[in-house]
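Data file: entry_20.cif. Format and content: mmCIF, C-alpha atoms.
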data_work
#
loop_
_atom_site.label_atom_id
_atom_site.label_comp_id
_atom_site.auth_asym_id
_atom_site.auth_seq_id
_atom_site.Cartn_x
_atom_site.Cartn_y
_atom_site.Cartn_z
CA MET A 1 -18.19 -23.27 -27.72
CA ASP A 2 -19.22 -20.42 -30.02
CA PRO A 3 -17.69 -16.98 -29.42
CA ASP A 4 -20.84 -15.32 -28.06
CA THR A 5 -21.37 -18.09 -25.53
CA LEU A 6 -17.74 -18.01 -24.42
CA VAL A 7 -17.79 -14.24 -23.91
CA ARG A 8 -21.06 -14.54 -21.98
CA GLN A 9 -19.50 -17.19 -19.73
CA TYR A 10 -16.46 -14.97 -19.22
CA LEU A 11 -18.69 -12.08 -18.15
CA LEU A 12 -20.66 -14.26 -15.73
CA LEU A 13 -17.42 -15.60 -14.29
CA GLY A 14 -15.98 -12.15 -13.72
CA LEU A 15 -19.20 -10.88 -12.16
CA GLY A 16 -19.17 -13.88 -9.85
CA PHE A 17 -15.98 -12.67 -8.19
CA ASP A 18 -17.81 -9.55 -7.01
CA ARG A 19 -19.93 -11.86 -4.83
CA LEU A 20 -16.72 -12.91 -3.05
CA GLU A 21 -15.24 -9.42 -2.68
CA ASP A 22 -17.27 -6.26 -3.22
CA GLY A 23 -15.27 -4.01 -5.52
CA PHE A 24 -13.63 -6.80 -7.53
CA VAL A 25 -15.71 -5.61 -10.48
CA ASP A 26 -14.41 -2.11 -11.04
CA ALA A 27 -16.91 -1.39 -13.82
CA PHE A 28 -19.57 -3.29 -15.76
CA THR A 29 -21.48 -1.59 -18.54
CA GLY A 30 -22.98 -4.67 -20.17
CA ASP A 31 -26.37 -6.40 -20.01
CA PRO A 32 -27.93 -5.70 -16.57
CA ALA A 33 -29.61 -9.12 -16.75
CA LEU A 34 -26.21 -10.79 -16.37
CA ARG A 35 -25.47 -8.92 -13.16
CA LYS A 36 -28.96 -9.72 -11.89
CA GLN A 37 -28.46 -13.40 -12.72
CA VAL A 38 -25.23 -13.51 -10.70
CA ALA A 39 -26.70 -11.52 -7.82
CA SER A 40 -29.67 -13.87 -7.47
CA ALA A 41 -27.58 -17.07 -7.56
CA PRO A 42 -26.01 -18.67 -4.47
CA LYS A 43 -22.64 -17.26 -3.44
CA PRO A 44 -20.08 -19.03 -5.64
CA ASP A 45 -17.36 -21.37 -4.43
CA PRO A 46 -13.98 -19.82 -5.33
CA ARG A 47 -12.64 -23.26 -6.30
CA GLU A 48 -15.45 -23.58 -8.82
CA LEU A 49 -14.67 -20.14 -10.21
CA ALA A 50 -11.03 -21.15 -10.67
CA ARG A 51 -12.09 -24.39 -12.36
CA THR A 52 -14.43 -22.50 -14.71
CA ALA A 53 -11.62 -20.15 -15.66
CA ARG A 54 -9.36 -23.11 -16.55
CA GLU A 55 -12.11 -24.73 -18.60
CA LEU A 56 -12.87 -21.56 -20.53
CA ARG A 57 -9.18 -21.17 -21.36
CA GLY A 58 -9.35 -24.62 -22.91
CA GLU A 59 -12.31 -23.58 -25.09
CA LEU A 60 -10.61 -20.51 -26.57
CA ALA A 61 -8.73 -22.25 -29.39
CA GLY A 62 -11.92 -23.56 -30.97
CA SER A 63 -14.13 -20.58 -30.22
CA GLY A 64 -13.70 -18.72 -33.50
CA LEU A 65 -12.52 -15.54 -31.77
CA ASN A 66 -9.76 -13.72 -33.61
CA ALA A 67 -6.25 -13.98 -32.17
CA GLU A 68 -6.29 -10.56 -30.48
CA ARG A 69 -9.58 -11.12 -28.67
CA ALA A 70 -8.67 -14.69 -27.73
CA HIS A 71 -5.35 -13.59 -26.24
CA PHE A 72 -7.02 -10.78 -24.28
CA ILE A 73 -9.56 -13.16 -22.75
CA ASP A 74 -6.93 -15.85 -22.14
CA VAL A 75 -4.66 -13.71 -19.95
CA HIS A 76 -7.69 -12.44 -18.06
CA LEU A 77 -8.93 -15.98 -17.42
CA ARG A 78 -5.45 -16.85 -16.14
CA ALA A 79 -5.72 -13.95 -13.70
CA LEU A 80 -9.19 -15.03 -12.57
CA GLU A 81 -8.01 -18.59 -12.02
CA CYS A 82 -5.32 -17.24 -9.68
CA SER A 83 -7.86 -15.06 -7.87
CA GLY A 84 -10.13 -18.06 -7.37
CA ARG A 85 -7.25 -20.05 -5.89
CA LYS A 86 -6.35 -17.14 -3.59
CA PHE A 87 -9.95 -16.74 -2.40
CA ALA A 88 -10.01 -20.50 -1.72
CA GLY A 89 -7.10 -20.02 0.67
CA GLU A 90 -4.34 -21.46 -1.49
CA ASN A 91 -0.85 -20.20 -0.69
CA ILE A 92 0.60 -18.56 -3.80
CA GLY A 93 3.91 -16.72 -3.73
CA PHE A 94 3.55 -12.97 -4.10
CA VAL A 95 5.73 -12.72 -7.23
CA ASP A 96 3.79 -15.54 -8.89
CA GLU A 97 0.52 -13.91 -7.86
CA VAL A 98 1.51 -10.61 -9.47
CA GLU A 99 2.59 -12.39 -12.65
CA ALA A 100 -0.69 -14.29 -12.93
CA TYR A 101 -2.74 -11.14 -12.34
CA PHE A 102 -0.85 -8.65 -14.45
CA ASP A 103 1.14 -10.55 -17.10
CA VAL A 104 4.51 -9.24 -15.79
CA ARG A 105 7.34 -10.62 -13.65
CA ILE A 106 8.59 -8.32 -10.89
CA ASP A 107 11.73 -7.98 -8.79
CA LYS A 108 13.14 -5.43 -6.37
CA GLY A 109 14.56 -2.08 -7.37
CA ASN A 110 18.04 -0.65 -6.90
CA GLU A 111 18.76 1.40 -3.79
CA ASP A 112 21.70 3.03 -5.59
CA ALA A 113 19.15 4.51 -7.99
CA TYR A 114 17.12 5.74 -5.03
CA SER A 115 20.20 7.43 -3.57
CA ASP A 116 20.86 9.10 -6.91
CA ALA A 117 17.25 10.30 -7.02
CA HIS A 118 17.72 11.87 -3.58
CA ARG A 119 20.88 13.61 -4.81
CA LEU A 120 19.04 15.08 -7.79
CA MET A 121 16.10 16.13 -5.63
CA GLY A 122 18.54 17.85 -3.28
CA GLU A 123 19.83 19.90 -6.20
CA VAL A 124 16.27 21.06 -6.93
CA LEU A 125 15.61 21.80 -3.24
CA PRO A 126 18.94 23.07 -1.87
CA GLY A 127 19.36 24.31 1.69
CA PRO A 128 20.21 23.23 5.24
CA GLY A 129 18.71 20.25 7.00
CA PRO A 130 17.90 16.69 5.88
CA LEU A 131 16.40 16.24 2.40
CA ALA A 132 13.24 14.72 3.87
CA GLN A 133 12.57 17.90 5.84
CA ARG A 134 13.17 20.06 2.76
CA VAL A 135 10.85 17.90 0.67
CA GLN A 136 8.14 17.97 3.32
CA ALA A 137 8.46 21.74 3.68
CA HIS A 138 8.19 22.10 -0.09
CA ARG A 139 5.11 19.87 -0.15
CA LYS A 140 3.54 21.83 2.71
CA ALA A 141 3.97 25.07 0.74
CA ASP A 142 2.51 23.31 -2.30
CA GLU A 143 -0.70 22.19 -0.56
CA ILE A 144 -3.94 23.36 -2.12
CA PRO A 145 -6.09 25.15 0.49
CA ALA A 146 -9.06 22.90 1.25
CA ALA A 147 -11.48 25.71 0.43
CA ARG A 148 -9.95 26.06 -3.06
CA LEU A 149 -9.73 22.35 -3.96
CA ASN A 150 -13.01 22.05 -5.85
CA GLU A 151 -12.25 25.21 -7.82
CA CYS A 152 -8.80 23.92 -8.77
CA VAL A 153 -10.17 20.49 -9.73
CA GLU A 154 -12.79 21.99 -12.04
CA ALA A 155 -10.31 24.37 -13.68
CA MET A 156 -7.74 21.63 -14.30
CA SER A 157 -10.37 19.21 -15.54
CA SER A 158 -11.86 21.73 -17.96
CA ALA A 159 -8.46 22.60 -19.44
CA LEU A 160 -7.45 18.95 -19.88
CA ARG A 161 -10.85 18.04 -21.32
CA ASP A 162 -10.47 20.70 -24.01
CA LEU A 163 -7.06 19.31 -24.98
CA VAL A 164 -8.34 15.73 -25.13
CA ARG A 165 -11.34 16.69 -27.23
CA GLY A 166 -9.04 18.42 -29.70
CA THR A 167 -6.44 15.62 -29.85
CA PHE A 168 -8.27 12.31 -29.43
CA GLY A 169 -11.96 13.16 -29.46
CA LEU A 170 -14.66 12.23 -26.96
CA PRO A 171 -18.36 11.37 -27.22
CA ALA A 172 -20.41 14.56 -27.09
CA SER A 173 -22.36 13.42 -24.03
CA GLU A 174 -19.40 12.38 -21.83
CA THR A 175 -19.22 13.84 -18.32
CA VAL A 176 -17.15 13.53 -15.16
CA GLU A 177 -18.53 14.37 -11.71
CA TYR A 178 -16.02 14.98 -8.92
CA GLU A 179 -16.59 14.37 -5.21
CA VAL A 180 -14.38 14.62 -2.12
CA VAL A 181 -14.44 11.55 0.16
CA GLY A 182 -12.51 10.23 3.17
CA ASP A 183 -11.25 7.01 4.76
CA LYS A 184 -9.91 5.49 1.52
CA PRO A 185 -6.54 3.79 0.79
CA TRP A 186 -6.00 5.77 -2.43
CA SER A 187 -5.68 9.47 -3.37
CA GLY A 188 -8.19 9.33 -6.22
CA PHE A 189 -10.48 6.79 -7.85
CA ASN A 190 -12.51 6.65 -11.07
CA TYR A 191 -15.90 4.98 -10.96
CA TYR A 192 -16.96 4.46 -14.57
CA LEU A 193 -20.77 4.35 -14.74
CA GLY A 194 -21.26 3.60 -18.42
CA ASP A 195 -22.87 5.73 -21.12
CA TYR A 196 -19.72 7.89 -21.11
CA ARG A 197 -20.15 9.00 -17.47
CA SER A 198 -17.65 8.80 -14.60
CA LYS A 199 -17.61 9.76 -10.95
CA VAL A 200 -14.13 10.62 -9.69
CA ALA A 201 -13.56 10.54 -5.93
CA ILE A 202 -10.70 12.52 -4.39
CA ASN A 203 -9.48 11.50 -0.92
CA SER A 204 -9.77 14.29 1.64
CA ASP A 205 -7.62 12.36 4.16
CA LEU A 206 -4.51 13.18 2.11
CA PRO A 207 -3.31 16.70 1.33
CA GLN A 208 -3.70 17.59 -2.34
CA PHE A 209 -0.72 19.35 -3.88
CA MET A 210 -0.64 21.82 -6.76
CA ALA A 211 2.15 19.83 -8.44
CA ASN A 212 0.16 16.60 -8.24
CA LEU A 213 -3.33 17.80 -9.13
CA PRO A 214 -2.76 18.05 -12.92
CA ARG A 215 -1.42 14.49 -12.86
CA LEU A 216 -4.32 13.27 -10.72
CA ILE A 217 -6.97 14.75 -13.03
CA ALA A 218 -5.15 13.54 -16.15
CA HIS A 219 -4.86 10.08 -14.55
CA GLU A 220 -8.49 9.71 -13.50
CA SER A 221 -10.21 11.64 -16.28
CA TYR A 222 -8.53 13.31 -19.28
CA PRO A 223 -6.93 11.45 -21.05
CA GLY A 224 -6.70 8.68 -18.43
CA HIS A 225 -9.31 6.25 -17.09
CA HIS A 226 -12.46 8.12 -18.07
CA THR A 227 -11.20 8.78 -21.59
CA GLU A 228 -10.10 5.18 -22.06
CA HIS A 229 -13.45 3.83 -20.86
CA CYS A 230 -15.35 6.21 -23.13
CA ARG A 231 -13.32 5.41 -26.24
CA LYS A 232 -13.41 1.66 -25.68
CA GLU A 233 -17.16 1.78 -25.05
CA ALA A 234 -17.71 3.77 -28.23
CA GLY A 235 -15.24 1.68 -30.26
CA LEU A 236 -14.65 -1.90 -29.11
CA VAL A 237 -17.99 -2.42 -27.37
CA GLY A 238 -19.76 -0.69 -30.23
CA THR A 239 -18.31 -3.27 -32.63
CA GLY A 240 -19.44 -6.22 -30.50
CA GLN A 241 -16.43 -6.92 -28.25
CA LEU A 242 -18.61 -7.36 -25.19
CA GLU A 243 -15.73 -8.62 -23.04
CA GLN A 244 -14.75 -4.95 -22.89
CA THR A 245 -17.92 -4.14 -20.90
CA LEU A 246 -16.26 -5.71 -17.85
CA PHE A 247 -13.30 -4.19 -15.99
CA LEU A 248 -11.91 -6.34 -13.19
CA VAL A 249 -9.44 -5.68 -10.40
CA ASN A 250 -6.26 -7.81 -10.45
CA THR A 251 -6.23 -8.47 -14.18
CA PRO A 252 -3.97 -7.31 -17.05
CA GLN A 253 -6.51 -4.59 -17.86
CA CYS A 254 -5.33 -2.84 -14.71
CA ILE A 255 -1.65 -2.62 -15.54
CA MET A 256 -2.49 -1.26 -18.99
CA ALA A 257 -4.98 1.25 -17.57
CA GLU A 258 -2.72 2.47 -14.77
CA GLY A 259 0.33 2.75 -17.03
CA LEU A 260 -1.72 4.71 -19.56
CA ALA A 261 -3.12 6.95 -16.85
CA ASP A 262 0.27 7.64 -15.25
CA LEU A 263 1.59 8.70 -18.68
CA ALA A 264 -1.52 10.69 -19.51
CA LEU A 265 -0.39 14.18 -18.47
CA GLU A 266 2.79 14.18 -20.57
CA ALA A 267 0.89 12.53 -23.44
CA ILE A 268 -1.64 15.36 -23.68
CA VAL A 269 0.32 18.40 -22.40
CA GLY A 270 3.95 17.47 -23.06
CA PRO A 271 7.13 17.82 -21.00
CA ASP A 272 6.31 21.41 -19.99
CA TRP A 273 3.20 20.36 -18.09
CA GLY A 274 4.35 22.37 -15.05
CA LEU A 275 4.53 25.64 -16.96
CA TRP A 276 1.13 24.85 -18.47
CA ALA A 277 -0.36 24.27 -15.00
CA GLN A 278 1.33 27.42 -13.68
CA GLU A 279 -0.81 29.52 -16.01
CA ILE A 280 -4.01 27.84 -14.85
CA TYR A 281 -3.14 28.37 -11.20
CA ALA A 282 -2.22 32.00 -11.93
CA ASP A 283 -5.71 32.56 -13.33
CA LEU A 284 -7.01 31.32 -9.96
CA GLY A 285 -4.72 33.65 -8.04
CA LEU A 286 -2.44 30.85 -6.82
CA SER A 287 1.35 30.93 -7.03
CA PHE A 288 2.94 27.78 -8.46
CA ASP A 289 6.50 27.25 -9.72
CA GLY A 290 5.91 24.99 -12.71
CA GLU A 291 9.54 24.75 -13.76
CA LYS A 292 10.60 23.56 -10.28
CA ALA A 293 7.74 21.06 -10.25
CA GLN A 294 8.93 19.59 -13.55
CA ARG A 295 12.52 19.28 -12.32
CA LEU A 296 11.46 17.70 -9.02
CA SER A 297 9.19 15.22 -10.80
CA ALA A 298 12.00 14.20 -13.16
CA ALA A 299 14.45 13.82 -10.27
CA SER A 300 12.08 11.68 -8.20
CA GLY A 301 11.28 9.39 -11.14
CA GLN A 302 13.96 6.92 -10.02
CA LEU A 303 11.93 6.28 -6.85
CA LEU A 304 9.23 4.56 -8.91
CA SER A 305 10.00 1.09 -7.54
CA VAL A 306 9.98 2.03 -3.85
CA ARG A 307 6.31 1.17 -3.39
CA GLN A 308 6.73 -2.18 -5.13
CA ASP A 309 9.78 -2.94 -3.00
CA ALA A 310 7.63 -2.25 0.06
CA ALA A 311 5.03 -4.74 -1.17
CA LEU A 312 7.72 -7.37 -1.76
CA MET A 313 9.15 -6.77 1.72
CA LEU A 314 5.71 -7.17 3.27
CA HIS A 315 4.35 -10.14 1.32
CA ASP A 316 7.40 -11.94 -0.09
CA GLU A 317 9.98 -11.40 2.65
CA GLY A 318 7.61 -11.36 5.63
CA ARG A 319 8.91 -8.07 7.02
CA SER A 320 6.94 -6.25 9.73
CA LEU A 321 4.67 -3.28 9.12
CA ASP A 322 7.04 -1.12 11.14
CA ASP A 323 10.04 -2.13 9.00
CA VAL A 324 8.15 -1.42 5.79
CA ALA A 325 6.87 1.93 7.08
CA LEU A 326 10.43 2.99 7.89
CA PHE A 327 11.58 1.89 4.43
CA LEU A 328 8.86 4.04 2.84
CA GLU A 329 9.74 7.00 5.03
CA ARG A 330 13.43 6.69 4.13
CA TRP A 331 13.22 6.31 0.38
CA SER A 332 9.88 8.00 -0.43
CA LEU A 333 10.80 10.90 1.90
CA SER A 334 7.25 10.71 3.21
CA THR A 335 5.88 11.56 6.63
CA PRO A 336 5.08 8.70 9.01
CA GLU A 337 1.39 9.43 8.44
CA ARG A 338 1.68 9.15 4.66
CA ALA A 339 3.77 5.99 4.96
CA ARG A 340 1.07 4.41 7.13
CA GLN A 341 -1.55 5.49 4.59
CA SER A 342 0.44 3.67 1.91
CA LEU A 343 0.53 0.57 4.11
CA LYS A 344 -3.28 0.50 4.17
CA PHE A 345 -3.21 0.00 0.40
CA LEU A 346 -0.35 -2.53 0.51
CA SER A 347 -2.05 -4.52 3.29
CA SER A 348 -5.52 -4.71 1.73
CA PRO A 349 -6.33 -8.30 0.63
CA LEU A 350 -7.90 -6.98 -2.58
CA TRP A 351 -5.33 -4.31 -3.39
CA ARG A 352 -2.06 -5.73 -2.04
CA ALA A 353 -0.64 -6.65 -5.47
CA TYR A 354 -2.06 -3.60 -7.20
CA THR A 355 0.94 -1.33 -6.59
CA SER A 356 2.75 -3.26 -9.33
CA THR A 357 0.30 -1.94 -11.91
CA TYR A 358 1.65 1.59 -11.40
CA VAL A 359 5.31 0.59 -11.33
CA GLU A 360 5.38 -1.97 -14.14
CA GLY A 361 2.65 -0.26 -16.16
CA TYR A 362 4.58 3.00 -16.29
CA ARG A 363 7.79 1.19 -17.27
CA LEU A 364 6.25 -1.03 -19.92
CA LEU A 365 3.96 1.49 -21.59
CA GLY A 366 6.48 4.31 -21.21
CA GLY A 367 9.17 2.24 -22.90
CA TRP A 368 6.78 1.33 -25.71
CA LEU A 369 5.83 4.97 -26.28
CA ASP A 370 9.49 6.03 -26.17
CA GLU A 371 10.27 3.78 -29.12
CA VAL A 372 8.84 6.47 -31.41
CA PRO A 373 9.57 10.22 -31.55
CA VAL A 374 7.56 12.81 -29.67
CA GLY A 375 4.87 14.20 -31.97
CA ALA A 376 2.36 12.55 -34.27
CA GLU A 377 3.80 9.03 -33.95
CA ARG A 378 3.74 9.02 -30.15
CA THR A 379 0.26 10.54 -30.10
CA GLU A 380 -0.89 7.74 -32.38
CA ARG A 381 0.64 5.12 -30.07
CA PHE A 382 -1.14 6.65 -27.09
CA ARG A 383 -4.36 6.56 -29.12
CA ARG A 384 -3.81 2.82 -29.60
CA LEU A 385 -3.59 2.39 -25.82
CA LEU A 386 -6.91 4.19 -25.48
CA ASP A 387 -8.63 2.24 -28.24
CA GLU A 388 -7.20 -1.28 -28.58
CA PRO A 389 -7.51 -4.40 -26.34
CA LEU A 390 -3.77 -4.54 -25.62
CA VAL A 391 -2.15 -6.44 -22.73
CA PRO A 392 1.47 -6.48 -21.49
CA SER A 393 2.46 -9.54 -23.53
CA SER A 394 1.06 -7.81 -26.65
CA LEU A 395 3.49 -4.92 -26.17
CA ARG A 396 6.39 -7.26 -25.41
CA ALA A 397 5.68 -9.24 -28.56
CA ALA A 398 5.60 -6.03 -30.59
#
Write-out of the structure in structure tokens:
Amino acid sequence: MDPDTLVRQYLLLGLGFDRLEDGFVDAFTGDPALRKQVASAPKPDPRELARTARELRGELAGSGLNAERAHFIDVHLRALECSGRKFAGENIGFVDEVEAYFDVRIDKGNEDAYSDAHRLMGEVLPGPGPLAQRVQAHRKADEIPAARLNECVEAMSSALRDLVRGTFGLPASETVEYEVVGDKPWSGFNYYLGDYRSKVAINSDLPQFMANLPRLIAHESYPGHHTEHCRKEAGLVGTGQLEQTLFLVNTPQCIMAEGLADLALEAIVGPDWGLWAQEIYADLGLSFDGEKAQRLSAASGQLLSVRQDAALMLHDEGRSLDDVALFLERWSLSTPERARQSLKFLSSPLWRAYTSTYVEGYRLLGGWLDEVPVGAERTERFRRLLDEPLVPSSLRAA
């Protein structure tokens, strides 16, 4: 099979999964005729989709694609084969499912590390009463007034956009439109529309905090998801790598994208991101302790695996929703309401494995970036994440 035909078959296969689960295709910026072809065909059989994925993997060696492109498509076909089997009702262990989707092997975290994180957080937030109450009181004081949210979003986005344009560059016509929505299992979501345009939705069901907003905007827009989509569309797609026009849920693309996005704020602003944000909030007449925010963020970093542990408890160990909610409340120091909101995400058939993209993506990409000094070398490595078709096994091999 020649390379153009194989890539076309890969795109049709990926688009076919959106007929089984709306939202499986996170973004498609390729030939509209392909989407129309899939939409007008009968609803596919998931077993046939899995079989097609296996067959296409067998065609890769003789396709003429270079090694990097072939490896990228191979690990994505492996993920799609697993998705087809899951949609067909096959029982696949949760750890094996995550590995097939995201090219990583997961296990549970260390509760001793979580206890140490609580100790460090207590040093940042001293005072009487349980740590959870102190954290929740701090978060309550850190809430952005609903009437000021749009103003804060636009100010933060504009400041980050200027930094990204100066450091990495963006197409002149790129734009991000923000909207506030409700009844979603996430706090924010990027819908990439193609032609360097994104719509970013922010969940109104969850309080938005001053300490988190810079990270949220960096994650979804600058230099996170929107920036990555724009640069790959201008670069890889522009040079004919049409497999990059398709972004699918539950594939290695996701762990790379989420890891990149979670590291985006420090990559563009640096370790003093809190002090940087403090100045922006001051211009808006809002009081924000950036130094405390930085210390609290560093202290809570050891709680990274808590969400993944919750997913393993739910889907690998068969624990009840109540047990998992209590676990989240204990170690994440979250309110019962926020713990239940997290369970919506962990319980969703489409999104249940997705938490691992944040946990393992941050670890893998963060470790890879940390191999080089802060400065020009690390900026160049982050640029590679934005521009190149890397997957987890690519970084491990490097």
With the file shown as input, list the residues that the PyMOL selection byres ((chain A and resi 175) around 8) selects, as a PyMOL selection string.
-> chain A and resi 173-174+176-177+196-198
Once you count all atoms listed in the file, which residues end up no further than 12 Å from (10.9, -6.6, 4.2) in the file's frame, shown as a VMD selection string?
-> chain A and resid 108 306 to 328
Step by step, work through what the PyMOL selection byres ((chain A and resi 221-223) around 8) selects in the shown file, and finish by giving those residues as a short mmCIF file (atom, residue, chain, number, x, y, z; two decimals) with C-alpha atoms, in the coordinates of the input.
data_model
loop_
_atom_site.label_atom_id
_atom_site.label_comp_id
_atom_site.auth_asym_id
_atom_site.auth_seq_id
_atom_site.Cartn_x
_atom_site.Cartn_y
_atom_site.Cartn_z
CA SER A 157 -10.37 19.21 -15.54
CA LEU A 160 -7.45 18.95 -19.88
CA ARG A 161 -10.85 18.04 -21.32
CA VAL A 164 -8.34 15.73 -25.13
CA VAL A 176 -17.15 13.53 -15.16
CA ASN A 190 -12.51 6.65 -11.07
CA VAL A 200 -14.13 10.62 -9.69
CA ILE A 217 -6.97 14.75 -13.03
CA ALA A 218 -5.15 13.54 -16.15
CA HIS A 219 -4.86 10.08 -14.55
CA GLU A 220 -8.49 9.71 -13.50
CA GLY A 224 -6.70 8.68 -18.43
CA HIS A 225 -9.31 6.25 -17.09
CA HIS A 226 -12.46 8.12 -18.07
CA THR A 227 -11.20 8.78 -21.59
CA GLU A 228 -10.10 5.18 -22.06
CA ALA A 261 -3.12 6.95 -16.85
CA ALA A 264 -1.52 10.69 -19.51
CA LEU A 265 -0.39 14.18 -18.47
CA ILE A 268 -1.64 15.36 -23.68
#
Counting all atoms listed in the file, the residue of A:Glu48, A:Asp31, A:Glu360, A:Glu59 that sits nearest Pro392 of chain A =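 Between A:Glu48, A:Asp31, A:Glu360, A:Glu59, the residue approaching Pro392 of chain A most closely is A:Glu360.
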Atom-to-atom span, atom CA of Pro42 of chain A and atom CA of Glu21 of chain A, Å =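 Atom CA of Pro42 of chain A sits 14.3 Å away from atom CA of Glu21 of chain A.
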Taking the file above as input, evaluate the PyMOL selection byres ((chain A and resi 46) around 12) and report the hits as an mmCIF file with C-alpha atoms, keeping the file's coordinate frame.
data_model
loop_
_atom_site.group_PDB
_atom_site.id
_atom_site.type_symbol
_atom_site.label_atom_id
_atom_site.label_comp_id
_atom_site.auth_asym_id
_atom_site.auth_seq_id
_atom_site.Cartn_x
_atom_site.Cartn_y
_atom_site.Cartn_z
ATOM 1 C CA LEU A 13 -17.420 -15.600 -14.290
ATOM 2 C CA GLY A 14 -15.980 -12.150 -13.720
ATOM 3 C CA GLY A 16 -19.170 -13.880 -9.850
ATOM 4 C CA PHE A 17 -15.980 -12.670 -8.190
ATOM 5 C CA ASP A 18 -17.810 -9.550 -7.010
ATOM 6 C CA ARG A 19 -19.930 -11.860 -4.830
ATOM 7 C CA LEU A 20 -16.720 -12.910 -3.050
ATOM 8 C CA GLU A 21 -15.240 -9.420 -2.680
ATOM 9 C CA LYS A 43 -22.640 -17.260 -3.440
ATOM 10 C CA PRO A 44 -20.080 -19.030 -5.640
ATOM 11 C CA ASP A 45 -17.360 -21.370 -4.430
ATOM 12 C CA ARG A 47 -12.640 -23.260 -6.300
ATOM 13 C CA GLU A 48 -15.450 -23.580 -8.820
ATOM 14 C CA LEU A 49 -14.670 -20.140 -10.210
ATOM 15 C CA ALA A 50 -11.030 -21.150 -10.670
ATOM 16 C CA ARG A 51 -12.090 -24.390 -12.360
ATOM 17 C CA THR A 52 -14.430 -22.500 -14.710
ATOM 18 C CA ALA A 53 -11.620 -20.150 -15.660
ATOM 19 C CA LEU A 80 -9.190 -15.030 -12.570
ATOM 20 C CA GLU A 81 -8.010 -18.590 -12.020
ATOM 21 C CA CYS A 82 -5.320 -17.240 -9.680
ATOM 22 C CA SER A 83 -7.860 -15.060 -7.870
ATOM 23 C CA GLY A 84 -10.130 -18.060 -7.370
ATOM 24 C CA ARG A 85 -7.250 -20.050 -5.890
ATOM 25 C CA LYS A 86 -6.350 -17.140 -3.590
ATOM 26 C CA PHE A 87 -9.950 -16.740 -2.400
ATOM 27 C CA ALA A 88 -10.010 -20.500 -1.720
ATOM 28 C CA GLY A 89 -7.100 -20.020 0.670
ATOM 29 C CA GLU A 90 -4.340 -21.460 -1.490
#
Kindly indicate which residue among A:Asp162, A:Val104, A:Leu395, A:Glu68 lies nearest to Thr251 of chain A, using only C-alpha atoms for the distances.
->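 Checking each of A:Asp162, A:Val104, A:Leu395, A:Glu68 against Thr251 of chain A, counting only C-alpha atoms, the winner is A:Val104.
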Separating atom CA of Asp26 of chain A from atom CA of Phe247 of chain A, to the nearest tenth of an Å, is a gap of 5.5 Å
Could you please determine the separation between atom CA of Trp276 of chain A and atom CA of Met121 of chain A in Å, to one decimal place?
->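 Between atom CA of Trp276 of chain A and atom CA of Met121 of chain A the gap is 21.6 Å.
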Determine the nearest neighbour of Arg134 of chain A from the options A:Leu333, A:Val7, A:Leu369, A:Ala147, counting all atoms listed in the file.
->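 The answer is A:Leu333, which sits nearest to Arg134 of chain A.
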Would you mind listing what lies within 12 Å of Ala33 of chain A as JSON, numbers by chain, with all atoms listed in the file counted and same-chain residues fewer than 3 positions away left out?
-> {"A": [8, 11, 12, 15, 28, 29, 30, 36, 37, 38, 39, 40]}
Return the single residue from A:Pro389, A:Gly367, A:Pro373, A:Pro126 that is closest to Leu236 of chain A, with distances computed using only C-alpha atoms.
->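 Among the listed residues, the smallest separation from Leu236 of chain A belongs to A:Pro389.
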Nearest to Val269 of chain A among A:Pro145, A:Pro214, A:Gly361, A:Pro207, with distances taken over all atoms listed in the file: which residue is it?
->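 The answer is A:Pro214, which sits nearest to Val269 of chain A.
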Shell around Tyr281 of chain A at 12 Å using all atoms listed in the file, local window under 3 positions removed, as a VMD selection string = chain A and resid 142 144 148 to 149 151 to 156 159 209 to 211 213 to 214 274 to 278 284 to 290
